[in-house]
Each structure stands twice: as structure tokens, then as C-alpha cells.
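Structure, as C-alpha cells:
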Amino acid sequence: MDVTKFELTVKNINRLEEADLNQEFFDKLFAEGEVTEEAQFTEKVKEEVENLFKQNSDQKLRNDMYTFGMDKVDVKFPEEFLKRWLKATNPSISEEELNEGFADFLNNLKWTIIENRVVTENGLEVKYDEVINLAKERIYAQIKMYNINEEPSDEQLNQFAIQLLQDREQGNRLFEEAKALKVFDHLKGLVKLNSSDIEFKEFEKLA
């Protein structure tokens, strides 16, 4: 029986250790000098966690509105025609791929119709500045993800946003996202919301 031998060299060992709550640690997490004491650090962490939970809550509400709208609106589509159209516009798609993704395609089409109806009937308008601001938010979040201490100026973000929107695919995606947020905000103002405080584990079960 042949036995293959390997020789390995360990070049580096990383260990996770609790950091001291000092200025060096604060400056690694936030903009330099923004947090200078433990009480400020605790408040900043609390604020960020609360913002995260708010985002999760808004996403849950959007999902509920989506489900409600999809259940209430009955739309019949010419499925055979749509399949032929999809094949004509996507020559490389296989029959299996078409059938697997067709239900999702119909759901997306149905929601687009609902969304556009809300926009039209309520005179909603997605403005260029709103798309720019959304692009800046996404760019800022991405920059902070890779370098938490970097704080780009508004002018830099504006330049990055304009460059991003020059890409037609990215521009369309951001416009559709801005439209979806506008529709959500409008619908949110029409429904009666019953707020309640629950444990995060219970919220995870709901989500």
C-alpha cells in the first residue's frame, strides 16, 4: 500500500481575544475621535443594533404587504404566449430552465403590475435626486463594509453615484428599488399599524 507523505509549514496563527475598551479600539470601530469613552461606545452600539432591528421590521412589513397584495389581486396571464416570448427573447434558455423559473417570473410580473398601478393611481413619482441619494446610501454602506474608518465626503459619494448610474443596468436596478421604496412608504401610510415589542427570537420565527 502506497502512503503519500506531505510536509506542511504553519506560517501564521490567529487568535481572537477580547479587546480593551480604549481609544485605539474605539477608533477602529468608528470615525477617529467620534467615541472617546465606554458610555458613548455603548450608546453607539445600541443605536446601530436598533437601526438594524428597524430595517428587519420594515422588511417584514414589506413582505407582509407583498403577500397581502399577491393574495388579493387575481390576474390571469396568457402563459403559453409568455413562454413563447421568453424563449424568443432568451434563445439559450432550456425547457427545464424555463419551467423551473416560470412561476417566479409570473409572480414578479404580477407584482410589477400591482406596483405600477399604485404609482399611476396615486400620482407617485420617482425623482432623479431620490435615485442619486439611494445610490449614495448603497455606496456608503459598501465603503464602510470594507473600511470602517473611511468617511467619504458627500461630494465623493455624489461622483460615485453618478458614475454608477451611467451603467444602464445598475441605473435601472436602482430606479426600480427607489420605486419599490416609494410604493412601500405610500402603502405604509394607508394601513393601520399595530406596534408591539417582542423578543428577537420570536421575531425571527415570524420572519
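The way I read the labels, and the way they are meant: chains A, B, ... in the order of the C-alpha cells, residue 1 as the first residue of every chain, and ligand 1 as the first ligand shown, with later ones counted on from there.
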
Contacts between region 58-65 of chain A and region 81-182 of chain A, please, where a residue of region 81-182 of chain A counts if it comes within 12 Å (with only C-alpha atoms); show its shortest atom pair and distance in Å to one decimal, rows by chain and ascending number, as a Markdown table.
| residue | atom | partner | partner_atom | distance |
| --- | --- | --- | --- | --- |
| A:Trp111 | CA | A:Met65 | CA | 10.9 |
| A:Ile114 | CA | A:Met65 | CA | 11.3 |
| A:Glu115 | CA | A:Met65 | CA | 11.2 |
| A:Ala180 | CA | A:Arg62 | CA | 9.6 |
| A:Leu181 | CA | A:Arg62 | CA | 9.2 |
| A:Lys182 | CA | A:Arg62 | CA | 11.5 |

Kindly provide the residues of region 94-157 of chain A that approach region 185-203 of chain A to within 12 Å, each paired with its closest atom pair and their distance in Å to one decimal, based on only C-alpha atoms, listed by chain and increasing number, as JSON lines.
{"residue": "A:Ile114", "atom": "CA", "partner": "A:Leu187", "partner_atom": "CA", "distance": 11.8}
{"residue": "A:Glu115", "atom": "CA", "partner": "A:Leu187", "partner_atom": "CA", "distance": 10.4}
{"residue": "A:Val118", "atom": "CA", "partner": "A:Leu187", "partner_atom": "CA", "distance": 8.7}
{"residue": "A:Val119", "atom": "CA", "partner": "A:His186", "partner_atom": "CA", "distance": 9.2}
{"residue": "A:Glu121", "atom": "CA", "partner": "A:His186", "partner_atom": "CA", "distance": 11.6}
{"residue": "A:Asn122", "atom": "CA", "partner": "A:His186", "partner_atom": "CA", "distance": 8.8}
{"residue": "A:Gly123", "atom": "CA", "partner": "A:His186", "partner_atom": "CA", "distance": 10.7}
{"residue": "A:Leu124", "atom": "CA", "partner": "A:His186", "partner_atom": "CA", "distance": 8.6}
{"residue": "A:Glu125", "atom": "CA", "partner": "A:His186", "partner_atom": "CA", "distance": 11.3}

Quiz item: Leaving out Glu95 (chain A) and any residue of its chain fewer than 5 positions from it, which residues lie within 10 Å of it when counting only C-alpha atoms, given as JSON, numbers by chain?
Solution: {"A": [83, 87, 100]}

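If you measure from each of A:Lys76, A:Lys205, A:Lys127, A:Lys11 to Phe175 (chain A) using only C-alpha atoms, the closest one turns out to be A:Lys127.
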
Exercise. Provide the CA of Val126 (chain A) to CA of Gly171 (chain A) distance in Å, to one decimal place.
Key: 12.7 Å

Exercise. Tell me, as a VMD selection string, which residues lie within 12 Å of region 168-170 of chain A, counting only C-alpha atoms; anything in the same chain fewer than 5 positions away does not count.
Key: chain A and resid 131 to 132 134 to 135 138 161 to 163 175 to 177

Self-check item: Non-local contacts of Glu151 (chain A) (12 Å; only C-alpha atoms; under 6 positions in same chain excluded) as a PyMOL selection string
Solution: chain A and resi 30-32+34+139-145+157

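Using only C-alpha atoms for every distance, the candidate list A:Phe81, A:Tyr146, A:Tyr66, A:Phe184 yields A:Tyr66 as the residue closest to Asn108 (chain A).
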